Every structure is written in structure tokens, then in C-alpha cells.
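Student: Structure file protein12.tsv (TSV, N, CA and C atoms) right here:
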```tsv
chain	number	residue	atom	x	y	z
A	293	MET	N	76.39	-3.47	17.91
A	293	MET	CA	74.95	-3.54	17.78
A	293	MET	C	74.58	-3.19	16.34
A	294	ASN	N	73.70	-3.99	15.77
A	294	ASN	CA	73.25	-3.79	14.39
A	294	ASN	C	71.92	-3.05	14.38
A	295	ILE	N	71.90	-1.92	13.70
A	295	ILE	CA	70.72	-1.05	13.62
A	295	ILE	C	70.21	-1.02	12.19
A	296	LEU	N	68.89	-1.14	12.02
A	296	LEU	CA	68.26	-0.92	10.73
A	296	LEU	C	67.48	0.38	10.83
A	297	LEU	N	67.84	1.34	10.01
A	297	LEU	CA	67.21	2.65	9.99
A	297	LEU	C	66.33	2.76	8.75
A	298	VAL	N	65.05	3.06	8.95
A	298	VAL	CA	64.10	3.14	7.84
A	298	VAL	C	63.41	4.50	7.84
A	299	ASP	N	63.62	5.24	6.76
A	299	ASP	CA	62.99	6.56	6.63
A	299	ASP	C	62.97	6.92	5.15
A	300	ASP	N	61.82	7.40	4.67
A	300	ASP	CA	61.72	7.77	3.26
A	300	ASP	C	62.27	9.17	2.98
A	301	ASP	N	62.67	9.89	4.02
A	301	ASP	CA	63.29	11.20	3.87
A	301	ASP	C	64.80	10.99	3.73
A	302	ASP	N	65.31	11.15	2.51
A	302	ASP	CA	66.72	10.86	2.22
A	302	ASP	C	67.68	11.64	3.11
A	303	ALA	N	67.46	12.93	3.26
A	303	ALA	CA	68.37	13.76	4.04
A	303	ALA	C	68.32	13.38	5.52
A	304	GLY	N	67.14	13.20	6.06
A	304	GLY	CA	67.00	12.82	7.46
A	304	GLY	C	67.62	11.47	7.75
A	305	ARG	N	67.39	10.52	6.84
A	305	ARG	CA	67.96	9.17	6.98
A	305	ARG	C	69.49	9.24	6.95
A	306	ALA	N	70.04	10.00	6.03
A	306	ALA	CA	71.50	10.10	5.91
A	306	ALA	C	72.11	10.74	7.15
A	307	MET	N	71.48	11.79	7.66
A	307	MET	CA	72.02	12.47	8.85
A	307	MET	C	71.98	11.57	10.08
A	308	LEU	N	70.85	10.88	10.29
A	308	LEU	CA	70.74	10.02	11.46
A	308	LEU	C	71.68	8.81	11.34
A	309	ALA	N	71.79	8.26	10.13
A	309	ALA	CA	72.72	7.13	9.93
A	309	ALA	C	74.15	7.55	10.27
A	310	LEU	N	74.54	8.72	9.82
A	310	LEU	CA	75.89	9.22	10.11
A	310	LEU	C	76.10	9.39	11.62
A	311	THR	N	75.11	9.96	12.29
A	311	THR	CA	75.20	10.15	13.74
A	311	THR	C	75.34	8.82	14.46
A	312	LEU	N	74.55	7.82	14.05
A	312	LEU	CA	74.61	6.50	14.67
A	312	LEU	C	75.97	5.84	14.42
A	313	ARG	N	76.46	5.96	13.20
A	313	ARG	CA	77.78	5.38	12.87
A	313	ARG	C	78.90	6.05	13.66
A	314	GLN	N	78.81	7.36	13.82
A	314	GLN	CA	79.83	8.07	14.59
A	314	GLN	C	79.83	7.64	16.05
A	315	ALA	N	78.71	7.11	16.51
A	315	ALA	CA	78.61	6.60	17.88
A	315	ALA	C	79.10	5.15	17.97
A	316	GLY	N	79.56	4.60	16.85
A	316	GLY	CA	80.11	3.26	16.85
A	316	GLY	C	79.12	2.15	16.56
A	317	LEU	N	77.93	2.50	16.11
A	317	LEU	CA	76.92	1.50	15.80
A	317	LEU	C	77.01	1.08	14.33
A	318	GLN	N	76.67	-0.18	14.07
A	318	GLN	CA	76.60	-0.69	12.70
A	318	GLN	C	75.21	-0.35	12.17
A	319	VAL	N	75.13	0.36	11.05
A	319	VAL	CA	73.85	0.85	10.55
A	319	VAL	C	73.64	0.43	9.09
A	320	ALA	N	72.47	-0.16	8.85
A	320	ALA	CA	71.99	-0.37	7.49
A	320	ALA	C	70.79	0.56	7.32
A	321	ALA	N	70.65	1.14	6.16
A	321	ALA	CA	69.57	2.10	5.94
A	321	ALA	C	68.68	1.64	4.79
A	322	ALA	N	67.38	1.89	4.96
A	322	ALA	CA	66.40	1.56	3.93
A	322	ALA	C	65.49	2.77	3.74
A	323	SER	N	65.05	2.96	2.50
A	323	SER	CA	64.20	4.11	2.19
A	323	SER	C	62.71	3.78	2.18
A	324	SER	N	62.37	2.51	2.41
A	324	SER	CA	60.96	2.11	2.41
A	324	SER	C	60.77	0.87	3.26
A	325	GLY	N	59.53	0.62	3.62
A	325	GLY	CA	59.22	-0.60	4.36
A	325	GLY	C	59.55	-1.85	3.59
A	326	GLU	N	59.27	-1.83	2.31
A	326	GLU	CA	59.55	-3.00	1.47
A	326	GLU	C	61.05	-3.30	1.43
A	327	GLN	N	61.86	-2.26	1.28
A	327	GLN	CA	63.31	-2.45	1.27
A	327	GLN	C	63.78	-2.97	2.62
A	328	ALA	N	63.22	-2.45	3.70
A	328	ALA	CA	63.60	-2.89	5.05
A	328	ALA	C	63.28	-4.37	5.25
A	329	LEU	N	62.11	-4.81	4.79
A	329	LEU	CA	61.74	-6.22	4.94
A	329	LEU	C	62.71	-7.12	4.18
A	330	GLY	N	63.17	-6.68	3.02
A	330	GLY	CA	64.17	-7.45	2.28
A	330	GLY	C	65.45	-7.61	3.08
A	331	LEU	N	65.89	-6.54	3.74
A	331	LEU	CA	67.09	-6.62	4.58
A	331	LEU	C	66.85	-7.52	5.79
A	332	LEU	N	65.67	-7.43	6.39
A	332	LEU	CA	65.36	-8.23	7.56
A	332	LEU	C	65.29	-9.72	7.25
A	333	LYS	N	65.01	-10.08	6.01
A	333	LYS	CA	64.96	-11.50	5.62
A	333	LYS	C	66.35	-12.09	5.52
A	334	ASN	N	67.37	-11.25	5.36
A	334	ASN	CA	68.73	-11.74	5.11
A	334	ASN	C	69.71	-11.52	6.25
A	335	LEU	N	69.47	-10.54	7.11
A	335	LEU	CA	70.40	-10.22	8.19
A	335	LEU	C	69.64	-10.02	9.50
A	336	ARG	N	70.31	-10.30	10.61
A	336	ARG	CA	69.71	-10.09	11.92
A	336	ARG	C	70.09	-8.69	12.43
A	337	TYR	N	69.08	-8.00	12.95
A	337	TYR	CA	69.29	-6.67	13.52
A	337	TYR	C	68.85	-6.69	14.97
A	338	ASP	N	69.48	-5.85	15.78
A	338	ASP	CA	69.11	-5.72	17.18
A	338	ASP	C	67.99	-4.71	17.35
A	339	VAL	N	68.06	-3.62	16.59
A	339	VAL	CA	67.11	-2.51	16.72
A	339	VAL	C	66.72	-2.02	15.33
A	340	MET	N	65.43	-1.74	15.15
A	340	MET	CA	64.97	-1.06	13.94
A	340	MET	C	64.40	0.29	14.36
A	341	ILE	N	64.90	1.33	13.72
A	341	ILE	CA	64.40	2.69	13.92
A	341	ILE	C	63.61	3.04	12.67
A	342	THR	N	62.34	3.32	12.82
A	342	THR	CA	61.52	3.59	11.64
A	342	THR	C	60.72	4.88	11.77
A	343	ASP	N	60.54	5.53	10.65
A	343	ASP	CA	59.64	6.68	10.57
A	343	ASP	C	58.21	6.14	10.64
A	344	ALA	N	57.28	6.96	11.09
A	344	ALA	CA	55.88	6.55	11.16
A	344	ALA	C	55.19	6.69	9.81
A	345	LYS	N	55.32	7.88	9.20
A	345	LYS	CA	54.58	8.17	7.97
A	345	LYS	C	55.45	7.92	6.74
A	346	MET	N	55.23	6.78	6.14
A	346	MET	CA	55.88	6.42	4.87
A	346	MET	C	54.81	5.80	3.99
A	347	LEU	N	55.05	5.83	2.71
A	347	LEU	CA	54.12	5.21	1.75
A	347	LEU	C	54.89	4.22	0.89
A	348	PRO	N	54.34	3.14	0.47
A	348	PRO	CA	52.97	2.70	0.76
A	348	PRO	C	52.84	2.00	2.11
A	349	MET	N	53.94	1.54	2.72
A	349	MET	CA	53.87	0.86	4.01
A	349	MET	C	54.33	1.82	5.11
A	350	ASN	N	53.44	2.11	6.07
A	350	ASN	CA	53.82	3.01	7.15
A	350	ASN	C	54.63	2.28	8.22
A	351	GLY	N	55.14	3.02	9.18
A	351	GLY	CA	55.99	2.45	10.21
A	351	GLY	C	55.29	1.43	11.10
A	352	PHE	N	53.99	1.60	11.32
A	352	PHE	CA	53.24	0.64	12.14
A	352	PHE	C	53.13	-0.71	11.44
A	353	ALA	N	52.78	-0.69	10.15
A	353	ALA	CA	52.70	-1.94	9.39
A	353	ALA	C	54.07	-2.59	9.26
A	354	LEU	N	55.09	-1.78	9.05
A	354	LEU	CA	56.45	-2.30	8.96
A	354	LEU	C	56.86	-2.96	10.27
A	355	ALA	N	56.57	-2.34	11.40
A	355	ALA	CA	56.94	-2.92	12.69
A	355	ALA	C	56.31	-4.29	12.89
A	356	ALA	N	55.03	-4.42	12.55
A	356	ALA	CA	54.35	-5.72	12.70
A	356	ALA	C	54.99	-6.78	11.80
A	357	ALA	N	55.26	-6.42	10.55
A	357	ALA	CA	55.87	-7.37	9.62
A	357	ALA	C	57.29	-7.72	10.05
A	358	ALA	N	58.03	-6.73	10.52
A	358	ALA	CA	59.41	-6.95	10.96
A	358	ALA	C	59.47	-7.89	12.15
A	359	LYS	N	58.55	-7.71	13.11
A	359	LYS	CA	58.54	-8.56	14.30
A	359	LYS	C	58.16	-10.00	13.95
A	360	SER	N	57.39	-10.18	12.88
A	360	SER	CA	57.07	-11.55	12.46
A	360	SER	C	58.29	-12.24	11.86
A	361	LEU	N	59.19	-11.46	11.26
A	361	LEU	CA	60.43	-12.01	10.71
A	361	LEU	C	61.51	-12.19	11.78
A	362	GLN	N	61.58	-11.24	12.70
A	362	GLN	CA	62.60	-11.25	13.75
A	362	GLN	C	61.94	-10.89	15.09
A	363	PRO	N	61.37	-11.89	15.78
A	363	PRO	CA	60.61	-11.63	17.00
A	363	PRO	C	61.38	-10.90	18.10
A	364	LYS	N	62.71	-11.03	18.15
A	364	LYS	CA	63.48	-10.37	19.21
A	364	LYS	C	63.92	-8.96	18.83
A	365	LEU	N	63.55	-8.51	17.66
A	365	LEU	CA	63.91	-7.17	17.19
A	365	LEU	C	63.26	-6.11	18.07
A	366	ARG	N	64.05	-5.14	18.52
A	366	ARG	CA	63.50	-3.99	19.25
A	366	ARG	C	63.15	-2.93	18.21
A	367	VAL	N	61.99	-2.32	18.36
A	367	VAL	CA	61.53	-1.34	17.38
A	367	VAL	C	61.25	-0.01	18.07
A	368	VAL	N	61.81	1.04	17.50
A	368	VAL	CA	61.56	2.40	17.96
A	368	VAL	C	61.10	3.23	16.76
A	369	MET	N	60.20	4.15	17.01
A	369	MET	CA	59.65	4.98	15.95
A	369	MET	C	60.11	6.42	16.13
A	370	ILE	N	60.36	7.09	15.02
A	370	ILE	CA	60.62	8.53	15.03
A	370	ILE	C	59.52	9.17	14.20
A	371	SER	N	58.93	10.24	14.72
A	371	SER	CA	57.77	10.80	14.02
A	371	SER	C	57.53	12.24	14.42
A	372	ALA	N	57.08	13.01	13.46
A	372	ALA	CA	56.67	14.37	13.73
A	372	ALA	C	55.19	14.43	14.12
A	373	VAL	N	54.47	13.31	13.95
A	373	VAL	CA	53.03	13.33	14.18
A	373	VAL	C	52.54	12.33	15.22
A	374	CYS	N	53.34	11.37	15.60
A	374	CYS	CA	52.93	10.36	16.58
A	374	CYS	C	53.72	10.52	17.87
A	375	ASP	N	53.18	9.94	18.94
A	375	ASP	CA	53.92	9.90	20.20
A	375	ASP	C	53.65	8.56	20.89
A	376	ASP	N	54.16	8.39	22.10
A	376	ASP	CA	54.03	7.12	22.80
A	376	ASP	C	52.59	6.66	22.96
A	377	ARG	N	51.64	7.58	23.05
A	377	ARG	CA	50.23	7.20	23.19
A	377	ARG	C	49.73	6.43	21.98
A	378	ASP	N	50.34	6.65	20.83
A	378	ASP	CA	49.92	5.96	19.61
A	378	ASP	C	50.45	4.54	19.51
A	379	LEU	N	51.25	4.11	20.47
A	379	LEU	CA	51.91	2.81	20.40
A	379	LEU	C	51.14	1.70	21.11
A	380	GLU	N	50.03	2.02	21.74
A	380	GLU	CA	49.26	1.01	22.44
A	380	GLU	C	48.88	-0.10	21.47
A	381	CYS	N	49.01	-1.33	21.93
A	381	CYS	CA	48.69	-2.53	21.14
A	381	CYS	C	49.61	-2.69	19.93
A	382	THR	N	50.84	-2.23	20.04
A	382	THR	CA	51.82	-2.44	18.99
A	382	THR	C	53.06	-3.08	19.61
A	383	ASP	N	53.98	-3.51	18.76
A	383	ASP	CA	55.26	-4.03	19.21
A	383	ASP	C	56.34	-2.95	19.22
A	384	ILE	N	55.95	-1.71	19.05
A	384	ILE	CA	56.90	-0.60	19.04
A	384	ILE	C	57.11	-0.16	20.49
A	385	GLU	N	58.38	-0.10	20.90
A	385	GLU	CA	58.70	0.18	22.29
A	385	GLU	C	58.66	1.66	22.65
A	386	LYS	N	59.00	2.52	21.71
A	386	LYS	CA	59.14	3.95	22.04
A	386	LYS	C	58.94	4.78	20.78
A	387	CYS	N	58.42	5.99	20.96
A	387	CYS	CA	58.30	6.93	19.85
A	387	CYS	C	59.03	8.21	20.25
A	388	PHE	N	59.98	8.61	19.42
A	388	PHE	CA	60.71	9.85	19.63
A	388	PHE	C	60.22	10.89	18.63
A	389	PRO	N	60.14	12.15	19.06
A	389	PRO	CA	59.73	13.21	18.12
A	389	PRO	C	60.83	13.48	17.09
A	390	LYS	N	60.41	13.88	15.91
A	390	LYS	CA	61.35	14.29	14.86
A	390	LYS	C	61.53	15.78	14.94
A	391	PRO	N	62.70	16.31	14.87
A	391	PRO	CA	63.97	15.59	14.77
A	391	PRO	C	64.34	14.97	16.12
A	392	VAL	N	64.89	13.77	16.08
A	392	VAL	CA	65.20	13.04	17.29
A	392	VAL	C	66.49	13.59	17.92
A	393	ALA	N	66.49	13.69	19.25
A	393	ALA	CA	67.69	14.09	19.99
A	393	ALA	C	68.59	12.85	20.10
A	394	ALA	N	69.76	12.92	19.52
A	394	ALA	CA	70.65	11.76	19.45
A	394	ALA	C	70.94	11.18	20.83
A	395	GLU	N	71.16	12.01	21.84
A	395	GLU	CA	71.49	11.52	23.17
A	395	GLU	C	70.36	10.67	23.74
A	396	GLU	N	69.12	11.09	23.53
A	396	GLU	CA	67.97	10.33	24.02
A	396	GLU	C	67.85	9.00	23.29
A	397	LEU	N	68.07	9.01	21.99
A	397	LEU	CA	68.01	7.78	21.22
A	397	LEU	C	69.11	6.81	21.65
A	398	PHE	N	70.32	7.31	21.84
A	398	PHE	CA	71.43	6.46	22.29
A	398	PHE	C	71.13	5.85	23.65
A	399	ALA	N	70.57	6.64	24.56
A	399	ALA	CA	70.23	6.13	25.89
A	399	ALA	C	69.20	5.02	25.79
A	400	TRP	N	68.21	5.20	24.91
A	400	TRP	CA	67.18	4.16	24.75
A	400	TRP	C	67.79	2.89	24.16
A	401	ILE	N	68.63	3.02	23.15
A	401	ILE	CA	69.26	1.85	22.53
A	401	ILE	C	70.09	1.07	23.55
A	402	ALA	N	70.78	1.78	24.43
A	402	ALA	CA	71.64	1.14	25.42
A	402	ALA	C	70.86	0.46	26.54
A	403	ARG	N	69.61	0.84	26.72
A	403	ARG	CA	68.79	0.29	27.80
A	403	ARG	C	68.38	-1.13	27.49
A	404	PRO	N	68.61	-2.08	28.40
A	404	PRO	CA	68.27	-3.47	28.10
A	404	PRO	C	66.78	-3.79	28.26
A	405	GLU	N	66.07	-3.07	29.10
A	405	GLU	CA	64.68	-3.45	29.33
A	405	GLU	C	63.81	-3.10	28.13
A	406	ARG	N	62.72	-3.85	28.04
A	406	ARG	CA	61.80	-3.69	26.92
A	406	ARG	C	60.39	-3.50	27.43
A	407	LYS	N	59.58	-2.86	26.64
A	407	LYS	CA	58.16	-2.73	26.94
A	407	LYS	C	57.56	-4.12	26.75
A	408	VAL	N	56.79	-4.57	27.72
A	408	VAL	CA	56.25	-5.94	27.68
A	408	VAL	C	54.75	-5.91	27.83
A	409	GLY	N	54.08	-6.77	27.07
A	409	GLY	CA	52.66	-7.03	27.29
A	409	GLY	C	51.70	-6.01	26.75
A	410	THR	N	52.11	-5.13	25.89
A	410	THR	CA	51.15	-4.14	25.38
A	410	THR	C	50.57	-4.55	24.05
A	411	ARG	N	51.20	-5.47	23.37
A	411	ARG	CA	50.69	-5.93	22.07
A	411	ARG	C	49.49	-6.82	22.31
A	412	ALA	N	48.40	-6.54	21.63
A	412	ALA	CA	47.22	-7.40	21.74
A	412	ALA	C	47.51	-8.73	21.09
A	413	ARG	N	47.31	-9.80	21.80
A	413	ARG	CA	47.58	-11.15	21.29
A	413	ARG	C	46.27	-11.89	21.10
A	414	HIS	N	46.16	-12.62	19.99
A	414	HIS	CA	44.94	-13.39	19.73
A	414	HIS	C	45.29	-14.83	19.52
```
As C-alpha cells, what does this structure read like?
Tutor:
Amino acid sequence: MNILLVDDDDAGRAMLALTLRQAGLQVAAASSGEQALGLLKNLRYDVMITDAKMLPMNGFALAAAAKSLQPKLRVVMISAVCDDRDLECTDIEKCFPKPVAAEELFAWIARPERKVGTRARH
């Protein structure tokens, strides 16, 4: 499984990437939304894990742009300030608190079902 990890916190990104790799996952890491979009234009990912609060592009804007590039991409957010209630009308399937519990994240990644029908469509 190919994972794209996006977080502007260098230490947090490095620790989570290492944890994911130790679990046998293929991980690419980006430090910004712009860098992540560049990676998404060139490679296919199964899951994108993104921080919520980043500048200049936050995790919500990144998720919308990422889904336009790769509609089948599953998106999960990690955040110290957001939770699942903040995901209404988005393409983000789940929000985990920071620091994320690796076991919970692995269980979510392994789950095949997806949140359906919550994104407002026009």
C-alpha cells in the first residue's frame, strides 16, 4: 500500500513515516500541501495522511485538491485541533488526534470501507 504523509512538523512527520515503514507500508513524505500535490501528479497513492493546520495550504484545501487529482484516494487527517465533526461536507474519511495512536491508524488503513455521501456535490 502506498501512503502519502503530509505534515509541516519535521519531527512528527519523520516519526510517523518511520512507524508506517516499520509496519511494511510504502511511504512518501511531504512537508507542505504544494509539495504533496506535486507528488500526487506523478504517482498514485492509496491513502493520504495529512495534518490539518499547515500554511499556506491547510489539510482541508489539500484534501479537496488531492481528490481532484486522484478521486479514489482515501484521505485521513491528523490534528491537535480538529475532530470527526469538522469533516462534514469534506472528502476526508477520518480525523485522528495528534499524536496519533499507530494501532488505530493501522486499523483504519486496513479497513476497506469508506465514508460515503458526506461531500456536498454541486
Student: To test your reading of the structure, identify every residue in segment 371-406 of chain A that backbone DSSP assigns to strand (DSSP E), and report it as an mmCIF file with N, CA and C atoms, keeping the file's coordinate frame.
Tutor:
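Okay, this is what ended up in result.cif:
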```cif
data_model
loop_
_atom_site.group_PDB
_atom_site.id
_atom_site.type_symbol
_atom_site.label_atom_id
_atom_site.label_comp_id
_atom_site.auth_asym_id
_atom_site.auth_seq_id
_atom_site.Cartn_x
_atom_site.Cartn_y
_atom_site.Cartn_z
ATOM 1 N N SER A 371 58.930 10.240 14.720
ATOM 2 C CA SER A 371 57.770 10.800 14.020
ATOM 3 C C SER A 371 57.530 12.240 14.420
ATOM 4 N N LYS A 386 59.000 2.520 21.710
ATOM 5 C CA LYS A 386 59.140 3.950 22.040
ATOM 6 C C LYS A 386 58.940 4.780 20.780
ATOM 7 N N CYS A 387 58.420 5.990 20.960
ATOM 8 C CA CYS A 387 58.300 6.930 19.850
ATOM 9 C C CYS A 387 59.030 8.210 20.250
ATOM 10 N N PHE A 388 59.980 8.610 19.420
ATOM 11 C CA PHE A 388 60.710 9.850 19.630
ATOM 12 C C PHE A 388 60.220 10.890 18.630
ATOM 13 N N PRO A 389 60.140 12.150 19.060
ATOM 14 C CA PRO A 389 59.730 13.210 18.120
ATOM 15 C C PRO A 389 60.830 13.480 17.090
#
```
Student: I want to know what sits within 12 Å of segment 304-311 of chain A, based on only C-alpha atoms, with residues of the same chain fewer than 5 positions away left out; could you give that as a PyMOL selection string?
Tutor: chain A and resi 294-299+316-324+340-343+370-371+390-395+397-398
Student: Can you report as JSON the centre and edge lengths in Å, to one decimal, of an axis-aligned box around the listed atoms of segment 373-390 of chain A padded with 6 Å on each side?
Tutor:
```
{"center_x": 55.1, "center_y": 5.9, "center_z": 18.6, "size_x": 24.8, "size_y": 31.8, "size_z": 21.2}
```
Student: Quick one: residues within 8 Å of Val373 of chain A, only C-alpha atoms counted, chain neighbours fewer than 2 positions away excluded, as a list in words?
Tutor: Ala344, Ser371, Asp375 and Pro389 of chain A
Student: In chain A, what's helix (DSSP H, G or I) per DSSP? Answer as a PyMOL selection string?
Tutor: chain A and resi 302-314+325-334+351-361+376-379+394-402
Student: Which distance in Å separates atom N of Thr382 of chain A and atom CA of Ala303 of chain A, to one decimal?
Tutor: 28.6 Å
Student: If I take atom N of Lys386 of chain A and atom N of Met369 of chain A, how far is one from the other in Å, to one decimal?
Tutor: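 Distance between the two atoms: 5.1 Å.
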Student: If you count only C-alpha atoms, which residues fall within 9 Å of Gln362 of chain A, apart from same-chain ones fewer than 3 positions away, as a ChimeraX atom specification?
Tutor: /A:332-333,336-337,357-359,365
Student: Out of A:Glu326, A:Ala399, A:Val367, A:Met293, which residue has the shortest atom-to-atom distance to Pro348 of chain A when counting all atoms listed in the file?
Tutor: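 With all atoms listed in the file as the atom set, the closest residue is A:Glu326.
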Student: Measuring between only C-alpha atoms, which one of A:Pro363, A:Leu335, A:Leu329, A:Phe352 shows the shortest distance to Glu380 of chain A?
Tutor: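 Looking at the shortest contact to Glu380 of chain A, the residue is A:Phe352.
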Student: How far is it from atom N of Ile401 of chain A to atom N of Asn350 of chain A, in Å with one decimal?
Tutor: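 A separation of 22.9 Å between them.
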